[in-house]
file protein39.txt (compact mmCIF, C-alpha atoms)
# COMPACT_ATOMS: atom_id res chain seq x y z
CA MET A 275 -74.87 -32.58 21.80
CA LEU A 276 -75.93 -34.43 18.64
CA THR A 277 -72.97 -32.99 16.72
CA GLY A 278 -70.78 -34.09 19.63
CA LEU A 279 -72.04 -37.66 19.32
CA LEU A 280 -71.70 -37.63 15.51
CA GLY A 281 -68.19 -36.13 15.62
CA GLY A 282 -67.23 -38.66 18.28
CA ALA A 283 -68.47 -41.50 16.08
CA LEU A 284 -66.25 -40.22 13.24
CA ILE A 285 -63.28 -40.18 15.65
CA GLY A 286 -64.02 -43.79 16.62
CA LEU A 287 -64.24 -44.78 12.95
CA ALA A 288 -60.96 -42.99 12.21
CA ALA A 289 -59.24 -44.84 15.07
CA ALA A 290 -60.48 -48.16 13.66
CA VAL A 291 -59.25 -47.27 10.15
CA TYR A 292 -55.84 -46.42 11.64
CA LEU A 293 -55.74 -49.72 13.51
CA ILE A 294 -56.67 -51.74 10.40
CA ALA A 295 -54.08 -49.89 8.27
CA THR A 296 -51.16 -50.15 10.71
CA GLY A 297 -51.98 -52.54 13.56
CA ARG A 298 -51.32 -49.71 16.00
CA VAL A 299 -53.48 -47.68 18.35
CA ALA A 300 -54.48 -44.25 17.05
CA GLY A 301 -53.00 -42.10 19.82
CA VAL A 302 -52.25 -38.65 18.47
CA SER A 303 -49.47 -37.79 20.96
CA GLY A 304 -47.74 -41.08 20.14
CA ILE A 305 -48.18 -40.57 16.39
CA LEU A 306 -46.60 -37.11 16.67
CA ALA A 307 -43.74 -38.42 18.83
CA GLY A 308 -43.19 -41.29 16.36
CA ALA A 309 -43.22 -38.90 13.39
CA LEU A 310 -40.54 -36.82 15.15
CA GLY A 311 -38.43 -39.73 16.34
CA GLU A 312 -38.75 -43.20 14.89
CA ARG A 313 -37.42 -43.83 11.43
CA ALA A 314 -39.65 -46.84 10.80
CA ALA A 315 -43.21 -46.04 9.73
CA ARG A 316 -42.51 -42.31 9.86
CA GLY A 317 -44.20 -41.68 6.51
CA GLU A 318 -47.53 -43.17 7.52
CA ARG A 319 -47.54 -41.18 10.76
CA ILE A 320 -46.81 -37.96 8.85
CA ALA A 321 -49.67 -38.86 6.47
CA PHE A 322 -52.07 -39.12 9.45
CA LEU A 323 -50.94 -35.73 10.80
CA ALA A 324 -51.24 -34.18 7.32
CA GLY A 325 -54.81 -35.52 7.09
CA LEU A 326 -55.60 -34.02 10.48
CA ILE A 327 -54.27 -30.59 9.47
CA GLY A 328 -55.92 -30.90 6.04
CA ALA A 329 -59.31 -31.57 7.66
CA GLY A 330 -58.81 -28.41 9.74
CA ALA A 331 -57.93 -26.40 6.64
CA ILE A 332 -61.04 -27.64 4.79
CA ALA A 333 -63.18 -26.83 7.85
CA ALA A 334 -61.70 -23.33 8.02
CA VAL A 335 -62.78 -22.67 4.42
CA ILE A 336 -66.30 -24.11 4.81
CA ALA A 337 -67.35 -23.27 8.35
CA LYS A 338 -64.95 -20.75 9.92
CA PRO A 339 -64.68 -22.75 13.16
CA ALA A 340 -64.19 -21.03 16.51
CA THR A 341 -60.66 -21.22 17.88
CA ALA A 342 -60.60 -18.71 20.72
CA THR A 343 -58.66 -19.72 23.81
CA PRO A 344 -58.97 -17.51 26.89
CA TYR A 345 -55.36 -17.99 27.90
CA ALA A 346 -52.39 -15.69 27.20
CA THR A 347 -49.38 -16.80 25.14
CA PRO A 348 -47.01 -17.58 28.08
CA VAL A 349 -49.70 -19.81 29.60
CA LEU A 350 -50.19 -21.57 26.24
CA ILE A 351 -46.45 -22.23 26.03
CA ALA A 352 -46.43 -23.74 29.54
CA ALA A 353 -49.54 -25.77 28.62
CA GLY A 354 -47.93 -27.10 25.44
CA LEU A 355 -44.77 -28.13 27.31
CA LEU A 356 -46.85 -29.94 29.95
CA VAL A 357 -49.03 -31.71 27.37
CA GLY A 358 -46.05 -32.85 25.26
CA PHE A 359 -44.01 -33.96 28.27
CA GLY A 360 -46.90 -35.47 30.24
CA THR A 361 -48.39 -37.51 27.40
CA ARG A 362 -45.00 -39.06 26.60
CA ILE A 363 -44.26 -39.92 30.24
CA GLY A 364 -47.77 -41.31 30.74
CA GLY A 365 -47.85 -43.09 27.36
CA GLY A 366 -50.95 -41.47 25.85
CA CYS A 367 -53.45 -38.64 25.63
CA THR A 368 -57.20 -38.22 25.13
CA SER A 369 -57.16 -40.38 21.99
CA GLY A 370 -54.73 -43.17 22.96
CA HIS A 371 -55.81 -43.61 26.57
CA GLY A 372 -59.18 -41.82 26.52
CA VAL A 373 -60.76 -43.31 23.38
CA CYS A 374 -58.75 -46.37 22.35
CA GLY A 375 -57.66 -47.59 25.80
CA VAL A 376 -61.06 -47.06 27.41
CA SER A 377 -62.70 -48.90 24.47
CA ARG A 378 -60.48 -51.91 25.21
CA LEU A 379 -61.27 -51.59 28.94
CA SER A 380 -57.57 -51.21 29.68
CA LYS A 381 -57.32 -50.59 33.43
CA ALA A 382 -54.21 -48.41 32.97
CA SER A 383 -55.94 -46.26 30.34
CA LEU A 384 -59.04 -45.87 32.54
CA ILE A 385 -56.85 -44.68 35.42
CA ALA A 386 -54.89 -42.35 33.11
CA THR A 387 -58.16 -40.86 31.79
CA VAL A 388 -59.59 -40.27 35.27
CA THR A 389 -56.24 -38.73 36.32
CA PHE A 390 -55.98 -36.21 33.49
CA MET A 391 -59.65 -35.28 33.78
CA LEU A 392 -59.26 -34.64 37.53
CA THR A 393 -56.08 -32.54 37.23
CA GLY A 394 -57.60 -30.74 34.22
CA ALA A 395 -60.74 -29.92 36.22
CA ALA A 396 -58.68 -28.77 39.22
CA THR A 397 -56.59 -26.55 36.91
CA VAL A 398 -59.64 -24.94 35.29
CA THR A 399 -61.27 -24.41 38.68
CA ILE A 400 -58.16 -22.66 40.03
CA ALA A 401 -57.67 -20.66 36.82
CA THR A 402 -61.25 -19.39 36.79
CA ARG A 403 -61.92 -18.98 40.54
CA VAL A 404 -58.51 -17.84 41.76
CA PHE A 405 -57.03 -16.08 38.74
CA GLY A 406 -60.29 -15.05 37.08
CA VAL A 407 -59.49 -16.29 33.58
CA GLY A 408 -62.60 -15.52 31.56
CA VAL A 409 -64.04 -18.71 30.16
CA ALA A 410 -67.74 -18.19 30.83
CA PRO A 411 -69.77 -18.97 27.68
CA MET B 213 -48.29 -43.88 -1.85
CA ASN B 214 -48.76 -47.39 -0.44
CA ARG B 215 -51.94 -48.76 1.14
CA ARG B 216 -50.81 -48.26 4.73
CA THR B 217 -49.98 -44.61 4.13
CA LEU B 218 -53.25 -44.07 2.25
CA GLY B 219 -55.08 -45.68 5.18
CA THR B 220 -53.46 -43.42 7.78
CA LEU B 221 -54.09 -40.34 5.61
CA ALA B 222 -57.79 -41.28 5.42
CA ALA B 223 -57.82 -41.90 9.17
CA GLY B 224 -56.26 -38.48 9.78
CA VAL B 225 -58.87 -36.71 7.63
CA LEU B 226 -61.75 -38.59 9.34
CA PHE B 227 -60.28 -37.89 12.76
CA GLY B 228 -59.91 -34.18 11.97
CA VAL B 229 -63.45 -33.88 10.58
CA GLY B 230 -64.73 -35.65 13.71
CA LEU B 231 -62.86 -33.20 15.96
CA VAL B 232 -64.24 -30.17 14.11
CA VAL B 233 -67.83 -31.50 13.88
CA SER B 234 -67.81 -32.43 17.58
CA GLY B 235 -66.61 -28.94 18.58
CA MET B 236 -63.44 -30.26 20.24
CA THR B 237 -61.23 -27.87 18.26
CA ASP B 238 -62.87 -25.00 20.18
CA PRO B 239 -60.88 -24.79 23.45
CA ARG B 240 -63.90 -23.22 25.21
CA ASN B 241 -65.85 -26.48 24.86
CA VAL B 242 -63.01 -28.40 26.54
CA ILE B 243 -62.47 -25.83 29.30
CA GLY B 244 -66.24 -25.77 29.84
CA PHE B 245 -66.24 -29.55 30.26
CA LEU B 246 -63.44 -29.36 32.83
CA ASP B 247 -65.26 -26.58 34.70
CA PHE B 248 -67.19 -28.98 36.94
CA THR B 249 -67.81 -26.37 39.60
CA GLY B 250 -68.96 -23.63 37.20
CA HIS B 251 -70.88 -23.56 33.90
CA TRP B 252 -70.37 -27.24 33.12
CA ASN B 253 -70.47 -28.04 29.39
CA PRO B 254 -71.35 -31.75 28.90
CA ARG B 255 -70.41 -31.88 25.18
CA LEU B 256 -67.22 -33.89 25.68
CA THR B 257 -69.17 -36.73 27.30
CA ALA B 258 -71.18 -37.10 24.06
CA VAL B 259 -67.97 -37.05 22.00
CA MET B 260 -66.38 -39.73 24.20
CA ALA B 261 -69.55 -41.83 24.10
CA GLY B 262 -69.67 -41.66 20.29
CA ALA B 263 -65.97 -42.41 19.85
CA VAL B 264 -65.78 -45.24 22.40
CA GLY B 265 -69.09 -46.73 21.20
CA VAL B 266 -68.01 -46.91 17.55
CA TYR B 267 -64.39 -47.96 18.21
CA ALA B 268 -65.33 -50.66 20.74
CA THR B 269 -68.02 -52.02 18.39
CA LEU B 270 -65.65 -52.11 15.41
CA LEU B 271 -62.95 -53.80 17.53
CA ALA B 272 -65.40 -56.49 18.58
CA LEU B 273 -66.53 -56.98 14.96
CA LEU B 274 -62.94 -57.18 13.72
CA ALA B 275 -62.01 -59.73 16.34
CA ARG B 276 -65.01 -61.86 15.41
CA THR B 277 -65.13 -61.63 11.62
CA SER B 278 -61.50 -61.85 10.59
CA GLY B 279 -60.36 -64.85 12.59
CA GLY B 280 -56.64 -64.87 13.21
CA ARG B 281 -56.27 -61.50 11.57
CA GLY B 282 -58.73 -60.03 14.06
CA ALA B 283 -56.68 -61.28 16.98
CA ARG B 284 -53.58 -59.76 15.42
CA LEU B 285 -55.38 -56.42 15.03
CA LEU B 286 -56.12 -56.21 18.75
CA PRO B 287 -53.08 -54.70 20.42
CA PRO B 288 -52.10 -56.12 23.80
CA ARG B 289 -53.51 -54.31 26.80
CA ASN B 290 -50.77 -52.68 28.80
CA ASN B 291 -52.46 -52.76 32.19
CA ARG B 292 -49.42 -51.92 34.25
CA ILE B 293 -50.27 -49.09 36.64
CA ASP B 294 -47.09 -47.29 37.59
CA LYS B 295 -45.75 -43.91 38.61
CA PRO B 296 -45.03 -42.64 35.06
CA LEU B 297 -48.66 -43.37 34.09
CA ILE B 298 -50.03 -41.31 36.99
CA VAL B 299 -47.45 -38.49 36.98
CA GLY B 300 -47.47 -38.12 33.18
CA SER B 301 -51.27 -38.14 32.97
CA ALA B 302 -51.53 -35.64 35.84
CA LEU B 303 -49.13 -33.23 34.09
CA PHE B 304 -50.98 -33.68 30.81
CA GLY B 305 -54.26 -32.79 32.55
CA ILE B 306 -52.80 -29.56 33.94
CA GLY B 307 -51.63 -28.53 30.47
CA TRP B 308 -55.00 -29.53 29.00
CA GLY B 309 -56.80 -27.33 31.54
CA LEU B 310 -54.39 -24.43 30.92
CA SER B 311 -55.16 -24.35 27.20
CA GLY B 312 -58.24 -26.33 26.25
CA TYR B 313 -56.02 -28.19 23.79
CA CYS B 314 -55.02 -31.83 23.73
CA PRO B 315 -52.74 -33.06 20.90
CA GLY B 316 -55.41 -33.98 18.30
CA PRO B 317 -57.46 -30.76 18.33
CA ALA B 318 -54.30 -28.63 18.57
CA ILE B 319 -52.81 -30.23 15.43
CA ALA B 320 -56.13 -30.02 13.52
CA SER B 321 -56.35 -26.33 14.52
CA LEU B 322 -53.07 -25.70 12.70
CA GLY B 323 -55.22 -26.08 9.57
CA PHE B 324 -57.37 -23.15 10.73
CA GLY B 325 -54.25 -21.01 10.88
CA ALA B 326 -55.02 -20.39 14.57
CA ARG B 327 -52.05 -18.57 16.12
CA SER B 328 -52.68 -20.07 19.56
CA ALA B 329 -52.47 -23.57 18.04
CA PHE B 330 -49.06 -22.83 16.47
CA VAL B 331 -47.71 -21.57 19.81
CA PHE B 332 -49.14 -24.58 21.64
CA VAL B 333 -47.92 -27.20 19.14
CA ALA B 334 -44.39 -25.74 19.03
CA ALA B 335 -44.20 -25.96 22.84
CA MET B 336 -45.73 -29.45 22.77
CA ILE B 337 -42.97 -30.67 20.42
CA VAL B 338 -40.34 -29.29 22.83
CA GLY B 339 -42.12 -31.16 25.66
CA ILE B 340 -42.09 -34.41 23.65
CA ILE B 341 -38.37 -34.07 22.95
CA ALA B 342 -37.71 -33.31 26.65
CA ALA B 343 -39.65 -36.41 27.69
CA GLY B 344 -37.38 -38.47 25.44
CA LEU B 345 -34.56 -37.71 27.88
CA VAL B 346 -36.48 -39.25 30.81
CA PRO B 347 -35.74 -42.98 31.09
CA GLN B 348 -38.75 -43.75 33.31
CA ARG B 349 -41.33 -42.88 30.64
CA ARG B 350 -43.96 -45.40 29.57
CA SER B 351 -43.86 -46.88 26.12
CA GLY B 352 -46.68 -45.11 24.33
CA CYS B 353 -49.80 -47.07 23.53
CA GLU B 354 -49.45 -45.99 19.91
CA SER B 355 -45.94 -47.26 19.47
CA VAL B 356 -46.85 -50.84 20.42
CA ASP B 357 -46.60 -52.45 17.02
CA ILE B 358 -48.07 -55.93 17.23
CA ARG B 359 -46.98 -57.12 13.81
call {"tool": "encode", "arguments": {"input": "protein39.txt", "output": "structure tokens"}}
result
Amino acid sequence: MLTGLLGGALIGLAAAVYLIATGRVAGVSGILAGALGERAARGERIAFLAGLIGAGAIAAVIAKPATATPYATPVLIAAGLLVGFGTRIGGGCTSGHGVCGVSRLSKASLIATVTFMLTGAATVTIATRVFGVGVAP
Amino acid sequence: MNRRTLGTLAAGVLFGVGLVVSGMTDPRNVIGFLDFTGHWNPRLTAVMAGAVGVYATLLALLARTSGGRGARLLPPRNNRIDKPLIVGSALFGIGWGLSGYCPGPAIASLGFGARSAFVFVAAMIVGIIAAGLVPQRRSGCESVDIR
């Protein structure tokens, strides 16, 4: 739990650094979409994503982090499509709505966060209880 | 490399380290959090508390200490509650539950060389491109450039 709090604090700091550098909210789905689409400010978005991947690469060398997902490849593909599509329709993900929007007490972001947590919980409940996907610790 | 790009690179590294340290790059921690009716894993609540606590505090400090610049740094709140917000967020939640990945941890996990992350991110990019064809989508909170 303490590492959760510490890691979360680093995420909050990172979002503030991003805001100071660019004047924009640090929403990862939006940064990825912008890096793929918009010509303006593409370089700085790619730099953020490179930093994110670089941090993962450093972690992999130092700590060998766990990455196991209990879901099969076709499910992961469906999940990726839903996450990419849904975050762009809804205008944000866990970072943009969940961290940055909630911090600013944006009513829309609060509702978005409650919505994706509820459908996420319903999905996990159905996957584990009905289809027996093994996620027990 | 200019200052803005250097700033976003630093933010990306910090963000990624935070995700790894907090355990959010392990899909089992996320699925465990969403498993309210089973073995509930409360870790994500600590991560959210840490992130929101620090970001909200820094926002308040920025607004207070830098005068006009602080006001400029605070993006406008888009408080419109509409169908795309609900439908999009609902679909995102289903995908989140079906993988344990949201965009940040999935992209950071590319650095681990995790095969599941590559599959997920490739599909996510297709989903983003598909959403670009839907006119009713919300303008992303990230893309609101206040300068």
call {"tool": "residues_around", "arguments": {"input": "protein39.txt", "residues": "segment 247-251 of chain B", "least_positions_apart": "4", "cutoff": "9 Å", "atoms": "all atoms listed in the file", "output": "list in words"}}
result
Gly394, Ala395, Ala396, Thr397, Val398, Thr399, Thr402, Ala410 and Pro411 of chain A; Val242 and Ile243 of chain B
call {"tool": "atom_distance", "arguments": {"input": "protein39.txt", "atom1": "atom CA of Ala331 of chain A", "atom2": "atom CA of Ser234 of chain B"}}
result
15.9 Å
call {"tool": "residues_around", "arguments": {"input": "protein39.txt", "residues": "Phe390 of chain A", "least_positions_apart": "4", "cutoff": "6 Å", "atoms": "only C-alpha atoms", "output": "PyMOL selection string"}}
result
(chain A and resi 394) or (chain B and resi 301-302+305)
call {"tool": "atom_distance", "arguments": {"input": "protein39.txt", "atom1": "atom CA of Met260 of chain B", "atom2": "atom CA of Arg240 of chain B"}}
result
16.7 Å
call {"tool": "residues_around", "arguments": {"input": "protein39.txt", "residues": "segment 340-344 of chain A", "least_positions_apart": "3", "cutoff": "10 Å", "atoms": "all atoms listed in the file", "output": "ChimeraX atom specification"}}
result
/A:334,337,347,349-350,407-410 /B:232,235-241,243,310-313,318,321,324-329
call {"tool": "residues_around", "arguments": {"input": "protein39.txt", "residues": "Gln348 of chain B", "least_positions_apart": "5", "cutoff": "10 Å", "atoms": "all atoms listed in the file", "output": "short mmCIF file (atom, residue, chain, number, x, y, z; two decimals) with C-alpha atoms, in the coordinates of the input"}}
result
data_model
loop_
_atom_site.label_atom_id
_atom_site.label_comp_id
_atom_site.auth_asym_id
_atom_site.auth_seq_id
_atom_site.Cartn_x
_atom_site.Cartn_y
_atom_site.Cartn_z
CA ILE A 363 -44.26 -39.92 30.24
CA GLY A 364 -47.77 -41.31 30.74
CA LYS B 295 -45.75 -43.91 38.61
CA PRO B 296 -45.03 -42.64 35.06
CA LEU B 297 -48.66 -43.37 34.09
CA ALA B 343 -39.65 -36.41 27.69
#
call {"tool": "residues_around", "arguments": {"input": "protein39.txt", "residues": "segment 307-310 of chain A", "least_positions_apart": "6", "cutoff": "6 Å", "atoms": "only C-alpha atoms", "output": "PyMOL selection string"}}
result
chain A and resi 316+319-320
call {"tool": "atom_distance", "arguments": {"input": "protein39.txt", "atom1": "atom CA of Ala290 of chain A", "atom2": "atom CA of Ile332 of chain A"}}
result
22.4 Å
call {"tool": "closest_residue", "arguments": {"input": "protein39.txt", "among": "A:Gly375, A:Gly330, A:Gly358, A:Gly282", "to": "Pro317 of chain B", "atoms": "only C-alpha atoms"}}
result
A:Gly330
call {"tool": "closest_residue", "arguments": {"input": "protein39.txt", "among": "A:Cys374, A:Ala324, A:Ala333, A:Ala353", "to": "chain B", "atoms": "all atoms listed in the file"}}
result
A:Ala353
call {"tool": "closest_residue", "arguments": {"input": "protein39.txt", "among": "B:Val233, B:Met213, B:Val264, B:Val333", "to": "Lys338 of chain A", "atoms": "only C-alpha atoms"}}
result
B:Val233
call {"tool": "closest_residue", "arguments": {"input": "protein39.txt", "among": "A:Gly317, A:Gly311, A:Gly365, A:Gly372", "to": "chain B", "atoms": "all atoms listed in the file"}}
result
A:Gly365
call {"tool": "build_atoms", "arguments": {"input": "protein39.txt", "residues": "segment 249-272 of chain B", "atoms": "N, CA and C atoms", "output": "PDB file, in the frame of the given file"}}
result
ATOM      1  N   THR B 249     -67.195 -27.154  38.532  1.00  0.00           N
ATOM      2  CA  THR B 249     -67.810 -26.370  39.600  1.00  0.00           C
ATOM      3  C   THR B 249     -68.466 -25.093  39.070  1.00  0.00           C
ATOM      4  N   GLY B 250     -68.387 -24.862  37.762  1.00  0.00           N
ATOM      5  CA  GLY B 250     -68.960 -23.630  37.200  1.00  0.00           C
ATOM      6  C   GLY B 250     -70.035 -23.926  36.177  1.00  0.00           C
ATOM      7  N   HIS B 251     -69.903 -23.313  34.975  1.00  0.00           N
ATOM      8  CA  HIS B 251     -70.880 -23.560  33.900  1.00  0.00           C
ATOM      9  C   HIS B 251     -70.468 -24.829  33.172  1.00  0.00           C
ATOM     10  N   TRP B 252     -70.844 -25.981  33.704  1.00  0.00           N
ATOM     11  CA  TRP B 252     -70.370 -27.240  33.120  1.00  0.00           C
ATOM     12  C   TRP B 252     -70.951 -27.452  31.727  1.00  0.00           C
ATOM     13  N   ASN B 253     -70.085 -27.802  30.785  1.00  0.00           N
ATOM     14  CA  ASN B 253     -70.470 -28.040  29.390  1.00  0.00           C
ATOM     15  C   ASN B 253     -70.310 -29.551  29.132  1.00  0.00           C
ATOM     16  N   PRO B 254     -71.418 -30.281  28.973  1.00  0.00           N
ATOM     17  CA  PRO B 254     -71.350 -31.750  28.900  1.00  0.00           C
ATOM     18  C   PRO B 254     -70.945 -32.308  27.537  1.00  0.00           C
ATOM     19  N   ARG B 255     -70.647 -31.432  26.566  1.00  0.00           N
ATOM     20  CA  ARG B 255     -70.410 -31.880  25.180  1.00  0.00           C
ATOM     21  C   ARG B 255     -69.380 -32.998  25.060  1.00  0.00           C
ATOM     22  N   LEU B 256     -68.288 -32.889  25.806  1.00  0.00           N
ATOM     23  CA  LEU B 256     -67.220 -33.890  25.680  1.00  0.00           C
ATOM     24  C   LEU B 256     -67.683 -35.293  26.065  1.00  0.00           C
ATOM     25  N   THR B 257     -68.661 -35.393  26.943  1.00  0.00           N
ATOM     26  CA  THR B 257     -69.170 -36.730  27.300  1.00  0.00           C
ATOM     27  C   THR B 257     -69.841 -37.372  26.083  1.00  0.00           C
ATOM     28  N   ALA B 258     -70.551 -36.573  25.279  1.00  0.00           N
ATOM     29  CA  ALA B 258     -71.180 -37.100  24.060  1.00  0.00           C
ATOM     30  C   ALA B 258     -70.118 -37.528  23.055  1.00  0.00           C
ATOM     31  N   VAL B 259     -69.056 -36.724  22.945  1.00  0.00           N
ATOM     32  CA  VAL B 259     -67.970 -37.050  22.000  1.00  0.00           C
ATOM     33  C   VAL B 259     -67.310 -38.370  22.412  1.00  0.00           C
ATOM     34  N   MET B 260     -67.017 -38.497  23.697  1.00  0.00           N
ATOM     35  CA  MET B 260     -66.380 -39.730  24.200  1.00  0.00           C
ATOM     36  C   MET B 260     -67.306 -40.934  23.987  1.00  0.00           C
ATOM     37  N   ALA B 261     -68.595 -40.733  24.271  1.00  0.00           N
ATOM     38  CA  ALA B 261     -69.550 -41.830  24.100  1.00  0.00           C
ATOM     39  C   ALA B 261     -69.598 -42.281  22.643  1.00  0.00           C
ATOM     40  N   GLY B 262     -69.641 -41.328  21.711  1.00  0.00           N
ATOM     41  CA  GLY B 262     -69.670 -41.660  20.290  1.00  0.00           C
ATOM     42  C   GLY B 262     -68.410 -42.373  19.849  1.00  0.00           C
ATOM     43  N   ALA B 263     -67.253 -41.842  20.284  1.00  0.00           N
ATOM     44  CA  ALA B 263     -65.970 -42.410  19.850  1.00  0.00           C
ATOM     45  C   ALA B 263     -65.756 -43.809  20.438  1.00  0.00           C
ATOM     46  N   VAL B 264     -65.984 -43.941  21.745  1.00  0.00           N
ATOM     47  CA  VAL B 264     -65.780 -45.240  22.400  1.00  0.00           C
ATOM     48  C   VAL B 264     -66.799 -46.254  21.883  1.00  0.00           C
ATOM     49  N   GLY B 265     -68.048 -45.813  21.703  1.00  0.00           N
ATOM     50  CA  GLY B 265     -69.090 -46.730  21.200  1.00  0.00           C
ATOM     51  C   GLY B 265     -68.733 -47.309  19.848  1.00  0.00           C
ATOM     52  N   VAL B 266     -68.320 -46.442  18.911  1.00  0.00           N
ATOM     53  CA  VAL B 266     -68.010 -46.910  17.550  1.00  0.00           C
ATOM     54  C   VAL B 266     -66.712 -47.734  17.545  1.00  0.00           C
ATOM     55  N   TYR B 267     -65.675 -47.245  18.233  1.00  0.00           N
ATOM     56  CA  TYR B 267     -64.390 -47.960  18.210  1.00  0.00           C
ATOM     57  C   TYR B 267     -64.514 -49.330  18.877  1.00  0.00           C
ATOM     58  N   ALA B 268     -65.178 -49.381  20.036  1.00  0.00           N
ATOM     59  CA  ALA B 268     -65.330 -50.660  20.740  1.00  0.00           C
ATOM     60  C   ALA B 268     -66.147 -51.647  19.908  1.00  0.00           C
ATOM     61  N   THR B 269     -67.194 -51.149  19.235  1.00  0.00           N
ATOM     62  CA  THR B 269     -68.020 -52.020  18.390  1.00  0.00           C
ATOM     63  C   THR B 269     -67.212 -52.567  17.219  1.00  0.00           C
ATOM     64  N   LEU B 270     -66.443 -51.672  16.559  1.00  0.00           N
ATOM     65  CA  LEU B 270     -65.650 -52.110  15.410  1.00  0.00           C
ATOM     66  C   LEU B 270     -64.550 -53.086  15.840  1.00  0.00           C
ATOM     67  N   LEU B 271     -63.958 -52.860  17.020  1.00  0.00           N
ATOM     68  CA  LEU B 271     -62.950 -53.800  17.530  1.00  0.00           C
ATOM     69  C   LEU B 271     -63.547 -55.190  17.726  1.00  0.00           C
ATOM     70  N   ALA B 272     -64.744 -55.213  18.322  1.00  0.00           N
ATOM     71  CA  ALA B 272     -65.400 -56.490  18.580  1.00  0.00           C
ATOM     72  C   ALA B 272     -65.727 -57.191  17.261  1.00  0.00           C
TER      73      ALA B 272
END
